[in-house]
Amino acid sequence: MTTVSGFEQARLEEQYPGVIEKPWSKRILGPAITVGILGYLVICFFAFDVMGVMQKARMDMAQLYALDSYAHKDHAKFTFRKPEEGFELSLEGTRRARYETPPAWFQSNGAESTIDLAEDGTVSFDGSSILTYYHPEYAEPFRFKVGNNEYPVYLGSEAPEWLKDSGKQIDARPSLHSRIWITRSKLEIHRYEAGWEDFWFGFHSPLKGMSLGQIVSLSVSGDRIDPDMSNLSFIASEFWYNPDWQHGDIFYALLQTLVMAVVGTLVAGIIALPLAFAAANNVNPFGSIRFGLRRIFDFLRGVDTLIWSLIFIRAFGLGPLSGTFAIIFTDTGTFGKLFSEAIENADRRQAEGIQATGASPVQKYRFGVFPQILPLFVSQMLYFLESNTRSATVIGALGAGGIGLKLLETMRTRQDWENTAYIIVLVIALVILMDNMSGWLRRKLIGGAEG
Amino acid sequence: MALVNAFNASPHLAEIEKAYEQVARQRTTYTFLLLLVCLVSIVGGFYVAEEANSGSFWGGISSFGDYPYDILAGAYERGWGLFSLVVKYFPFLVETLNIALVSTLVGFFFSSILSFFASRNLMTNRGVVFVVRRALDITRAFPELVIALMLVLIFGPSPIAAIMAVTFHTIGALGKLFSETNENADMKAVEGLKSVGANWVQQMRLGILPQVLPNFLSYALLRLEINVRASAILGFVGAGGLGAELKMVVDWNYGADIFVIIVMLVCAITAIDYFSGWLRRKLIGTSGTL
């Protein structure tokens with residue numbers, strides 16, 4: 001280890017000022033920026049009232065949505081005025097999806113009915129006035145006096161926290177997965193069960209509840225379920241037109257979104273290429289044309305896809321055509337800017353070499369410049385293909401149709417969160433697929449040299 | 001000359017020429033096929049889009065100018081009153097810009113930290129790299145709108161939903177770019193630091209960060225511009241800012257208000273575009289877009 005003498009150090013400091021001992025202004029810069037940013041974030045924290053919003057946040061709703069996105073809900077409903085009808089068992093409480101044969105969680109012997117709530121115990125009802133709820137963590141069962149057109153009464157002394165008795169109705173939610181709700185006129189029991197119910201075939205489909213093996217053997221068997229078509233096409237159409245999940249509609253919407261992204265990117269690239277040559281200072285000698293084209297590119301880019309889609313929706317109506325044009329307009333601006341910069345950065349020597357052999361101007365650019373910028377051109381278009389898939393989803397929700405609109409529809413109804421979850425999964429899968437495909441194509445076409 | 005003659009005399013020449021011709025023909029075929037695929041997707045795509053659209057292309061092309069004309073006419077009627085509208089909507093523009101800036105800053109913070117765990121050259125544990133990368137892939141794939149819609153249901157209409165949604169996406173998008181930058185960094189500095197006994201955090205802080213910070217900042221500036229656009233769009237689903245105002249006046253068809261908001265938005269986006277381009281050229285000497 002060499003040591004530097006005091007004299008030597010003084011000489012070095014004089015020769016290279018600000019290297020050993022940095023000036024205050026430089027030393028303070030880093031911490032000052034950090035403090036500035038933190039200060040800004042703190043101000044924003046209060047300006048956006050983060051605490052207030054967090055307090056008002058409906059976390060219970062969030063939990064319920066989350067549960068609903070992967071589970072389905074069965075309802076058991078008893079109307080006191082019509083005891084002869086017994087329990088009405090249905091999926092999500094809709095009349096359309098009523099169980100004809102009682103599911104495994106429901107048992108009834110004459111008057112007494114028992115409902116199994118899995119980890120939350122069992123509920124039994126004597127058919128007229130007493131409801132008993134056995135919770136596994138409590139030794140004593142909970143008893144309620146119900147019916148008779150009177151308000152329900154809790155017969156126990158101490159009520160746990162999850163049991164709400166308002167005097168007019170009793171609402172017991174032992175966990176997120178089950179709920180017992182008693183009013184003067186009716187008794188309702190909800191139970192959640194994990195899984196997407198009827199995902200493959202609709203509630204009323206004759207194929208519902210069959211195992212994969214049964215489906216496969218059915219598809220090759222000769223006995224037709226529907227005399228008009230073969231079993232295989234019957235199975236396919238039962239899946240495709242499943243009324244609860246609408247696979248056919250959703251995949252068509254997905255196709256529309258994909259069309260917006262692919263056509264938008266391709267057409268924008270094709271339009272932008274010649275314009276980019278005209279806007280490059282080493283190709284076009286007319287400064288005013290270059291200036292004009294660049295401002296047009298800026299304008300197309302600056303007016304966001306959002307605003308273009310609003311304008312096109314007015315002209316072409318709601319649907320993917322408007323979305324496609326919105327993407328074409330914005331991306332023509334972006335590609336024009338990027339490509340013209342690439343052309344300006346291209347190596348002149350190749351073009352000069354071609355020119356020296358007596359090539360025409362068109363040949364000069366075709367063989368001297370174009371091969372240089374082609375990899376960049378392809379790589380940028382493929383990058384945008386992926387980001388445009390996401391944009392197409394977003395502007396779809398604003399009215400350009402496709403999967404974005406479907407997503408918005410299912411979210412607005414706030415009922416079938418499993419449908420929303422399904423669409424989100426499909427969108428994410430599509431974006432990841434496009435990302436991987438564009439990366440793969442980029443490597444194939446230009447050999448991975450480009451980042 | 002002798003060399004050329006010798007070459008000409010070579011018996012392999014015919015073979016070489018044949019092979020070259022074959023390669024050239026193959027190339028032409030591939031190019032042709034690629035162009036055909038592009039053409040088919042464009043024509044087919046337009047067909048699908050036209051089918052699914054509520055209005056048709058030829059019906060719409062003549063009325064394309066109508067809406068911009070309405071907006072401009074509304075703006076012209078208002079005359080000097082437009083400036084009072086600028087004052088009216090300016091706070092909303094500031095809100096949108098704040099949403100974008102906060103989410104870019106927070107996203108930058110998290111993604112720069114995560115990027116060190118997603119770089120193969122900096123993280124020896126392959127499992128960690130794999131998990132962090134997949135996590136970044138998923139956050140990147142989520143369109144901001146999807147998250148914003150969900151958060152608006154939970155938080156109510158509030159800019160917080162937009163900030164969280166944009167931040168979430170930003171972490172994934174920047175994290176990937178940052179980790180790629182890290183992987184291209186020069187490892188000599190890290191080796192030097194390792195040899196004097198620096199721990200992992202010190203190696204990253206003193207060996208890698210000074211090298212990659214200009215690129216990080218450059219990418220973050222590009223993101224800022226994208227995020228301004230995104231936060232304007234998110235206003236449409238109730239996440240506040242200028243987008244929410246735009247949706248309102250579009251629904252009510254207030255020409256002058258629409259004009260003012262669009263002009264403000266375009267000016268803001270273009271200004272940020274130019275500013276970030278200038279700053280990026282200063283930082284790393286290139287411009288360009290993600």
# chains A, B, ... in the order shown; residues from 1 in each chain; ligands from 1
$ closest_atom_pairs --of "chain A" --to "chain B" --cutoff "7 Å" --atoms "only C-alpha atoms" --output "tab-separated table"
residue	atom	partner	partner_atom	distance
A:Leu41	CA	B:Val102	CA	6.8
A:Val53	CA	B:Phe155	CA	6.4
A:Lys56	CA	B:Phe155	CA	6.9
A:Ala57	CA	B:Phe155	CA	4.6
A:Arg58	CA	B:Ile154	CA	5.1
A:Met59	CA	B:Ile154	CA	6.8
A:Met61	CA	B:Ile154	CA	6.8
A:Ala62	CA	B:Ile154	CA	6.1
A:Gln256	CA	B:Ala49	CA	6.5
A:Val259	CA	B:Gly45	CA	5.2
A:Val263	CA	B:Ile42	CA	5.2
A:Gly302	CA	B:Val266	CA	5.0
A:Val303	CA	B:Val266	CA	5.4
A:Asp304	CA	B:Arg229	CA	6.8
A:Leu306	CA	B:Ile233	CA	6.4
A:Ile311	CA	B:Tyr67	CA	6.5
A:Arg314	CA	B:Tyr67	CA	6.6
A:Ala315	CA	B:Gly60	CA	4.7
A:Phe316	CA	B:Gly60	CA	4.5
A:Gly317	CA	B:Gly55	CA	4.5
A:Leu318	CA	B:Ser54	CA	5.4
A:Gly319	CA	B:Asn53	CA	4.0
A:Pro320	CA	B:Ala49	CA	5.1
A:Leu321	CA	B:Ala49	CA	4.8
A:Leu338	CA	B:Gly288	CA	6.1
A:Arg390	CA	B:Pro143	CA	5.6
A:Val394	CA	B:Leu145	CA	6.0
A:Ile428	CA	B:Ala141	CA	5.5
A:Val431	CA	B:Ala141	CA	5.7
A:Ile432	CA	B:Ala141	CA	6.2
$ write_last_selection --atoms "C-alpha atoms" --output "PDB file, in the first residue's frame"
ATOM      1  CA  LEU A  41     -44.502  12.705  -1.546  1.00  0.00           C
ATOM      2  CA  VAL A  53     -59.614   7.378   1.706  1.00  0.00           C
ATOM      3  CA  LYS A  56     -63.473   4.906   4.052  1.00  0.00           C
ATOM      4  CA  ALA A  57     -62.193   1.976   1.998  1.00  0.00           C
ATOM      5  CA  ARG A  58     -64.631  -0.898   1.875  1.00  0.00           C
ATOM      6  CA  MET A  59     -62.248  -3.652   2.848  1.00  0.00           C
ATOM      7  CA  MET A  61     -66.355  -5.499   0.078  1.00  0.00           C
ATOM      8  CA  ALA A  62     -62.871  -6.224  -1.198  1.00  0.00           C
ATOM      9  CA  GLN A 256     -61.533  -8.002 -31.513  1.00  0.00           C
ATOM     10  CA  VAL A 259     -57.360  -7.267 -34.140  1.00  0.00           C
ATOM     11  CA  VAL A 263     -53.949  -4.166 -37.416  1.00  0.00           C
ATOM     12  CA  GLY A 302     -49.716  14.153 -28.311  1.00  0.00           C
ATOM     13  CA  VAL A 303     -53.430  13.673 -28.939  1.00  0.00           C
ATOM     14  CA  ASP A 304     -53.622  10.513 -26.944  1.00  0.00           C
ATOM     15  CA  LEU A 306     -58.007   8.146 -25.601  1.00  0.00           C
ATOM     16  CA  ILE A 311     -63.376  11.141 -32.075  1.00  0.00           C
ATOM     17  CA  ARG A 314     -68.393   9.530 -32.906  1.00  0.00           C
ATOM     18  CA  ALA A 315     -67.645   8.881 -36.569  1.00  0.00           C
ATOM     19  CA  PHE A 316     -67.631   5.087 -36.893  1.00  0.00           C
ATOM     20  CA  GLY A 317     -69.788   4.157 -33.927  1.00  0.00           C
ATOM     21  CA  LEU A 318     -68.907   1.938 -30.995  1.00  0.00           C
ATOM     22  CA  GLY A 319     -66.664  -0.967 -31.867  1.00  0.00           C
ATOM     23  CA  PRO A 320     -63.193  -2.184 -32.720  1.00  0.00           C
ATOM     24  CA  LEU A 321     -62.981  -0.265 -36.007  1.00  0.00           C
ATOM     25  CA  LEU A 338     -38.714   6.807 -33.987  1.00  0.00           C
ATOM     26  CA  ARG A 390     -52.913  -3.459 -23.382  1.00  0.00           C
ATOM     27  CA  VAL A 394     -58.130   0.045 -22.166  1.00  0.00           C
ATOM     28  CA  ILE A 428     -53.298 -11.208 -18.654  1.00  0.00           C
ATOM     29  CA  VAL A 431     -50.710  -9.872 -22.919  1.00  0.00           C
ATOM     30  CA  ILE A 432     -48.109 -12.346 -21.646  1.00  0.00           C
TER      31      ILE A 432
END
$ select_by_dssp --residues "range 119-257 of chain A" --states "alpha helix (DSSP H)" --output "PyMOL selection string"
chain A and resi 212-220+231-240+247-257
$ residues_around --residues "range 116-119 of chain A" --least-positions-apart "2" --cutoff "7 Å" --atoms "only C-alpha atoms" --output "number ranges by chain"
A: 105-106, 114, 121-123, 178, 191
$ atom_distance --atom1 "CA of Trp252 in chain B" --atom2 "CA of Leu310 in chain A"
13.6 Å
